[in-house]
Amino acid sequence: MLITLDQFRGDCLSVAGHPVVRTPGLDALAAEGVRLARHYSQAAPCAPGRASLYTGMYQMNHRVVANGTPLDDRFDNVARVARRAGFRPTLFGYTDQAVDPRTVTDPADPRLSTYEGVLPGFDVGLDLTGTLAAWREWVAGHGVDIPTDAGRALATEPDRPATLGISTFLTDRFLDWHARRDEPWFAHLSYLRPHPPYAAAGDWSVAYAPDDVDLPIAVGPVEDRHRLHRMLLELPFAAAPGDEGAMRAMRAQYYGMIGDVDHQLQRVWARLRERGEWDDTVIVVTSDHGDQLGDQGLVDKFGWFESSYHVLGLVRDPRRPDGHGTVVDRFTENVDVLPTIGAAIGAEVPRQCDGRSLDGFLDGREPDRWREAAHWEFDWRVLALMSGRHSGWPEDRRLEHRQVTVARGVDRAYAQFADGEALTYDLALDPTWRTPVADPAVAWADARALLAWRAEHTDRTLTDILIGPPTA
């Protein structure tokens, strides 16, 4: 079972020491599985982050750089791997993967008009894309008014009981489907929450008092802000509320949405136990990316800061009790999820994968030659494309400069911009990403390490194969 909680920050677990949020359902899974304390997504926003999660590939290889960038159909993915292993992988929610237009013969095909496509290989148990029609019709069927616009429907969740919330609806549909299973199954529960709009359902909208929530990391000094950061702070959809009351209210709603999805997962855990499947089901819980939630003056998932990429990571394999209850402090990444699931179901790991199976950690030991840093990428060419400034490739390649790659080590973070600029942060001195390292020797060492990382992870699908006469 693969569960994604959209835009769920990695620090928002009570078992991880969060000062406010309470997550008893996720905490219970951590107690009987493995918690990945330094787990990271590889890209943002949704489509790029999910492309990495589903394919096990870094953005520099799958090249999904924005919501709407097609996912190359030649790539393998978690659903196809599960199907080859004999499962019928079934989706509840959405995957946000635009279709490869080269596989579509009809120019009127509706898949060409949305990025919210279904990842190839999945059966659909519940479609929560686009207008959220299935959920809205269900709410209306209970005699409750709900806006026809999806955004407004989500924004008004506090006005309706949590039992009519979108997270409850997805859980109900999965439990109905699960009750009819009498054979091995593979399900992907893709919850929308705690993704914005910041509006929790029903009583969850008042579960956290704004006065009691913590405040975000403040914006660093003006002189230390990269021009991309300055630009984002000027965009109304990326800048955090300037009023402290509005900031507290936003964070309180975010925590309420987390409480809601955590409650829904408790229902799922209870069902698995009732049916005697708790000790037969591998469970992976993660997110496509995090949320700035006001940190560095930003909301949503903009920029290259850790808040947008540090995500929750929980894995429970009932066949590996030696790892149960352990916490992994080494850097793990969402590209590790596909190899881990493949190993769990006895499927061969695709050669395209940049990640590695987490099996060693699940057994309570540390794998050999594990990574020393986490990496992620952010590409903001979409801001130019949406404004009508299209690429002039091959003569004009300036859009390729709208990208940054981050290597996050134990004591430092290095951000390499595609136009040649770079930033190095001293995380040992200041974990808030506001203190740059001035020593050029340190930056040069980090640059060399990033080049080595790129060399290690360039495409290898056919690289190690030699065509020719057999050798002795």
# chains A, B, ... in the order shown; residues from 1 in each chain; ligands from 1
$ closest_atom_pairs --of "region 341-407 of chain A" --to "region 225-245 of chain A" --cutoff "12 Å" --atoms "only C-alpha atoms" --output "tab-separated table"
residue	atom	partner	partner_atom	distance
A:Phe378	CA	A:Leu228	CA	11.3
A:Asp379	CA	A:Leu228	CA	11.2
A:Trp380	CA	A:Leu228	CA	9.3
A:Arg381	CA	A:Leu228	CA	11.7
A:Leu383	CA	A:Leu232	CA	10.5
A:His401	CA	A:Leu228	CA	11.7
A:Arg402	CA	A:Leu228	CA	9.2
A:Gln403	CA	A:Leu228	CA	10.1
A:Val404	CA	A:Leu228	CA	10.1
$ residues_around --residues "Gly220 (chain A)" --least-positions-apart "4" --cutoff "8 Å" --atoms "only C-alpha atoms" --output "JSON, numbers by chain"
{"A": [224, 225, 296, 434]}
$ select_by_dssp --residues "region 1-45 of chain A" --states "strand (DSSP E)" --output "list in words"
Leu2, Ile3, Thr4, Leu5, Val34, Arg35, Leu36, Ala37, Arg38, His39, Tyr40, Ala43 and Ala44 of chain A
$ residues_around --residues "Ser357 (chain A)" --least-positions-apart "4" --cutoff "12 Å" --atoms "only C-alpha atoms" --output "tab-separated table (two decimals) with C-alpha atoms, in the first residue's frame"
chain	number	residue	atom	x	y	z
A	56	GLY	CA	12.48	6.48	-8.86
A	315	VAL	CA	7.61	2.27	6.01
A	332	THR	CA	16.63	8.97	2.36
A	333	GLU	CA	14.72	10.16	-0.68
A	334	ASN	CA	11.45	9.56	-2.49
A	335	VAL	CA	13.40	8.00	-5.37
A	336	ASP	CA	14.02	5.14	-2.92
A	337	VAL	CA	10.31	4.30	-2.74
A	338	LEU	CA	9.99	2.46	-6.07
A	339	PRO	CA	13.04	0.23	-5.46
A	340	THR	CA	11.73	-0.50	-1.94
A	341	ILE	CA	8.26	-1.45	-3.16
A	342	GLY	CA	9.77	-3.50	-5.98
A	343	ALA	CA	11.89	-5.45	-3.50
A	344	ALA	CA	8.88	-5.96	-1.23
A	347	ALA	CA	9.82	-7.36	-8.69
A	348	GLU	CA	13.02	-6.44	-10.48
A	349	VAL	CA	14.10	-2.84	-9.86
A	350	PRO	CA	14.09	-0.87	-13.14
A	353	CYS	CA	16.02	4.14	-10.85
A	361	PHE	CA	17.16	0.08	7.13
A	362	LEU	CA	13.97	-1.98	7.31
A	363	ASP	CA	16.07	-4.81	8.76
A	366	GLU	CA	22.69	0.46	7.64
A	367	PRO	CA	23.23	-0.42	3.96
A	368	ASP	CA	26.70	-0.25	2.45
A	370	TRP	CA	24.72	4.92	1.53
$ residues_around --residues "Trp204 (chain A)" --least-positions-apart "3" --cutoff "9 Å" --atoms "only C-alpha atoms" --output "count of residues only"
14
$ atom_distance --atom1 "CA of Asp127 (chain A)" --atom2 "CA of Leu189 (chain A)"
11.0 Å
$ residues_around --residues "Val285 (chain A)" --least-positions-apart "2" --cutoff "7 Å" --atoms "only C-alpha atoms" --output "PyMOL selection string"
chain A and resi 2-4+283+313-315
$ write_last_selection --atoms "N, CA and C atoms" --output "short mmCIF file (atom, residue, chain, number, x, y, z; two decimals), in the first residue's frame"
data_model
loop_
_atom_site.label_atom_id
_atom_site.label_comp_id
_atom_site.auth_asym_id
_atom_site.auth_seq_id
_atom_site.Cartn_x
_atom_site.Cartn_y
_atom_site.Cartn_z
N LEU A 2 0.69 2.11 -0.99
CA LEU A 2 1.42 3.37 -1.09
C LEU A 2 0.45 4.49 -0.76
N ILE A 3 0.78 5.29 0.25
CA ILE A 3 -0.07 6.38 0.69
C ILE A 3 0.71 7.68 0.56
N THR A 4 0.11 8.65 -0.13
CA THR A 4 0.71 9.98 -0.20
C THR A 4 -0.23 10.99 0.44
N ILE A 283 3.26 -1.16 4.05
CA ILE A 283 2.70 0.19 3.99
C ILE A 283 3.83 1.20 3.86
N GLY A 313 8.34 10.25 5.96
CA GLY A 313 8.67 8.96 5.37
C GLY A 313 8.48 7.87 6.41
N LEU A 314 7.53 7.00 6.19
CA LEU A 314 7.24 5.88 7.10
C LEU A 314 7.09 4.62 6.27
N VAL A 315 7.71 3.55 6.70
CA VAL A 315 7.61 2.27 6.01
C VAL A 315 7.39 1.18 7.05
#
$ closest_residue --among "A:Arg351, A:His324, A:Pro107, A:Pro221" --to "Asn77 (chain A)" --atoms "only C-alpha atoms"
A:Arg351
$ atom_distance --atom1 "CA of Thr281 (chain A)" --atom2 "CA of Arg181 (chain A)"
13.3 Å
$ residues_around --residues "Arg316 (chain A)" --least-positions-apart "2" --cutoff "10 Å" --atoms "only C-alpha atoms" --output "ChimeraX atom specification"
/A:1,29-35,278-279,281-285,314,318-321,323-325,362
$ residues_around --residues "region 8-14 of chain A" --least-positions-apart "3" --cutoff "7 Å" --atoms "only C-alpha atoms" --output "count of residues only"
15
$ select_by_dssp --residues "region 298-444 of chain A" --states "helix (DSSP H, G or I)" --output "number ranges by chain"
A: 306-308, 321-323, 334-344, 359-362, 382-386, 398-401, 440-444
$ write_last_selection --atoms "N, CA and C atoms" --output "mmCIF file, in the first residue's frame"
data_model
loop_
_atom_site.group_PDB
_atom_site.id
_atom_site.type_symbol
_atom_site.label_atom_id
_atom_site.label_comp_id
_atom_site.auth_asym_id
_atom_site.auth_seq_id
_atom_site.Cartn_x
_atom_site.Cartn_y
_atom_site.Cartn_z
ATOM 1 N N GLU A 306 14.484 24.012 2.487
ATOM 2 C CA GLU A 306 14.208 22.669 3.003
ATOM 3 C C GLU A 306 12.737 22.422 3.309
ATOM 4 N N SER A 307 12.010 23.453 3.741
ATOM 5 C CA SER A 307 10.612 23.266 4.125
ATOM 6 C C SER A 307 9.768 22.695 2.992
ATOM 7 N N SER A 308 10.148 22.966 1.749
ATOM 8 C CA SER A 308 9.390 22.469 0.603
ATOM 9 C C SER A 308 9.785 21.059 0.177
ATOM 10 N N PRO A 321 10.638 -7.528 11.336
ATOM 11 C CA PRO A 321 10.421 -6.997 12.700
ATOM 12 C C PRO A 321 11.662 -6.391 13.333
ATOM 13 N N ASP A 322 12.853 -6.731 12.859
ATOM 14 C CA ASP A 322 14.066 -6.191 13.481
ATOM 15 C C ASP A 322 14.154 -4.669 13.328
ATOM 16 N N GLY A 323 13.500 -4.136 12.319
ATOM 17 C CA GLY A 323 13.552 -2.693 12.123
ATOM 18 C C GLY A 323 12.406 -1.945 12.761
ATOM 19 N N ASN A 334 12.619 10.187 -1.871
ATOM 20 C CA ASN A 334 11.455 9.562 -2.494
ATOM 21 C C ASN A 334 11.821 8.683 -3.681
ATOM 22 N N VAL A 335 12.984 8.897 -4.294
ATOM 23 C CA VAL A 335 13.403 8.003 -5.375
ATOM 24 C C VAL A 335 13.714 6.604 -4.844
ATOM 25 N N ASP A 336 13.794 6.452 -3.520
ATOM 26 C CA ASP A 336 14.016 5.141 -2.923
ATOM 27 C C ASP A 336 12.732 4.331 -2.798
ATOM 28 N N VAL A 337 11.582 4.979 -2.983
ATOM 29 C CA VAL A 337 10.310 4.298 -2.741
ATOM 30 C C VAL A 337 10.050 3.201 -3.762
ATOM 31 N N LEU A 338 10.241 3.487 -5.054
ATOM 32 C CA LEU A 338 9.993 2.461 -6.075
ATOM 33 C C LEU A 338 10.901 1.245 -5.890
ATOM 34 N N PRO A 339 12.211 1.414 -5.706
ATOM 35 C CA PRO A 339 13.042 0.234 -5.455
ATOM 36 C C PRO A 339 12.620 -0.537 -4.205
ATOM 37 N N THR A 340 12.163 0.167 -3.174
ATOM 38 C CA THR A 340 11.733 -0.497 -1.944
ATOM 39 C C THR A 340 10.468 -1.305 -2.170
ATOM 40 N N ILE A 341 9.497 -0.717 -2.866
ATOM 41 C CA ILE A 341 8.264 -1.446 -3.161
ATOM 42 C C ILE A 341 8.555 -2.626 -4.084
ATOM 43 N N GLY A 342 9.412 -2.403 -5.084
ATOM 44 C CA GLY A 342 9.772 -3.496 -5.975
ATOM 45 C C GLY A 342 10.367 -4.670 -5.222
ATOM 46 N N ALA A 343 11.284 -4.381 -4.306
ATOM 47 C CA ALA A 343 11.886 -5.453 -3.505
ATOM 48 C C ALA A 343 10.844 -6.152 -2.643
ATOM 49 N N ALA A 344 9.888 -5.386 -2.118
ATOM 50 C CA ALA A 344 8.880 -5.960 -1.225
ATOM 51 C C ALA A 344 7.949 -6.923 -1.950
ATOM 52 N N ASP A 359 15.757 -1.644 2.091
ATOM 53 C CA ASP A 359 15.697 -2.929 2.798
ATOM 54 C C ASP A 359 16.629 -2.992 3.999
ATOM 55 N N GLY A 360 17.848 -2.501 3.854
ATOM 56 C CA GLY A 360 18.782 -2.574 4.974
ATOM 57 C C GLY A 360 18.245 -1.867 6.196
ATOM 58 N N PHE A 361 17.738 -0.662 6.015
ATOM 59 C CA PHE A 361 17.158 0.081 7.129
ATOM 60 C C PHE A 361 15.947 -0.640 7.700
ATOM 61 N N LEU A 362 15.150 -1.267 6.829
ATOM 62 C CA LEU A 362 13.973 -1.982 7.305
ATOM 63 C C LEU A 362 14.360 -3.183 8.157
ATOM 64 N N VAL A 382 8.398 27.641 -15.715
ATOM 65 C CA VAL A 382 6.955 27.740 -15.917
ATOM 66 C C VAL A 382 6.456 29.171 -15.739
ATOM 67 N N LEU A 383 7.110 29.963 -14.889
ATOM 68 C CA LEU A 383 6.679 31.347 -14.695
ATOM 69 C C LEU A 383 6.837 32.151 -15.974
ATOM 70 N N ALA A 384 7.852 31.819 -16.774
ATOM 71 C CA ALA A 384 8.031 32.482 -18.066
ATOM 72 C C ALA A 384 7.067 31.913 -19.107
ATOM 73 N N LEU A 385 6.904 30.588 -19.117
ATOM 74 C CA LEU A 385 6.038 29.966 -20.107
ATOM 75 C C LEU A 385 4.582 30.407 -19.926
ATOM 76 N N MET A 386 4.154 30.531 -18.672
ATOM 77 C CA MET A 386 2.765 30.939 -18.413
ATOM 78 C C MET A 386 2.515 32.383 -18.817
ATOM 79 N N ARG A 398 17.924 30.310 -22.583
ATOM 80 C CA ARG A 398 17.905 30.955 -21.277
ATOM 81 C C ARG A 398 16.910 30.313 -20.312
ATOM 82 N N LEU A 399 15.861 29.677 -20.839
ATOM 83 C CA LEU A 399 14.926 29.005 -19.937
ATOM 84 C C LEU A 399 15.618 27.900 -19.135
ATOM 85 N N GLU A 400 16.655 27.310 -19.723
ATOM 86 C CA GLU A 400 17.373 26.253 -19.012
ATOM 87 C C GLU A 400 18.123 26.791 -17.797
ATOM 88 N N HIS A 401 18.283 28.101 -17.721
ATOM 89 C CA HIS A 401 18.966 28.711 -16.578
ATOM 90 C C HIS A 401 18.040 28.907 -15.381
ATOM 91 N N PRO A 440 35.201 30.562 -0.082
ATOM 92 C CA PRO A 440 35.058 29.989 -1.432
ATOM 93 C C PRO A 440 35.571 28.561 -1.528
ATOM 94 N N ALA A 441 36.506 28.169 -0.672
ATOM 95 C CA ALA A 441 37.010 26.799 -0.706
ATOM 96 C C ALA A 441 35.920 25.806 -0.338
ATOM 97 N N VAL A 442 35.058 26.194 0.596
ATOM 98 C CA VAL A 442 33.942 25.330 0.986
ATOM 99 C C VAL A 442 32.963 25.182 -0.170
ATOM 100 N N ALA A 443 32.637 26.287 -0.803
ATOM 101 C CA ALA A 443 31.718 26.240 -1.942
ATOM 102 C C ALA A 443 32.289 25.400 -3.084
ATOM 103 N N TRP A 444 33.585 25.515 -3.318
ATOM 104 C CA TRP A 444 34.213 24.747 -4.387
ATOM 105 C C TRP A 444 34.161 23.251 -4.078
#
$ closest_residue --among "A:Ala79, A:Asp109, A:Arg136, A:Arg63" --to "Gly121 (chain A)" --atoms "only C-alpha atoms"
A:Ala79
$ closest_residue --among "A:Pro394, A:Pro89, A:Gly297, A:Pro161" --to "Val206 (chain A)" --atoms "only C-alpha atoms"
A:Pro161
$ closest_residue --among "A:Pro19, A:Leu119, A:Leu128, A:Asp73" --to "Val104 (chain A)" --atoms "only C-alpha atoms"
A:Asp73
$ atom_distance --atom1 "CA of Leu215 (chain A)" --atom2 "CA of Tyr425 (chain A)"
21.7 Å
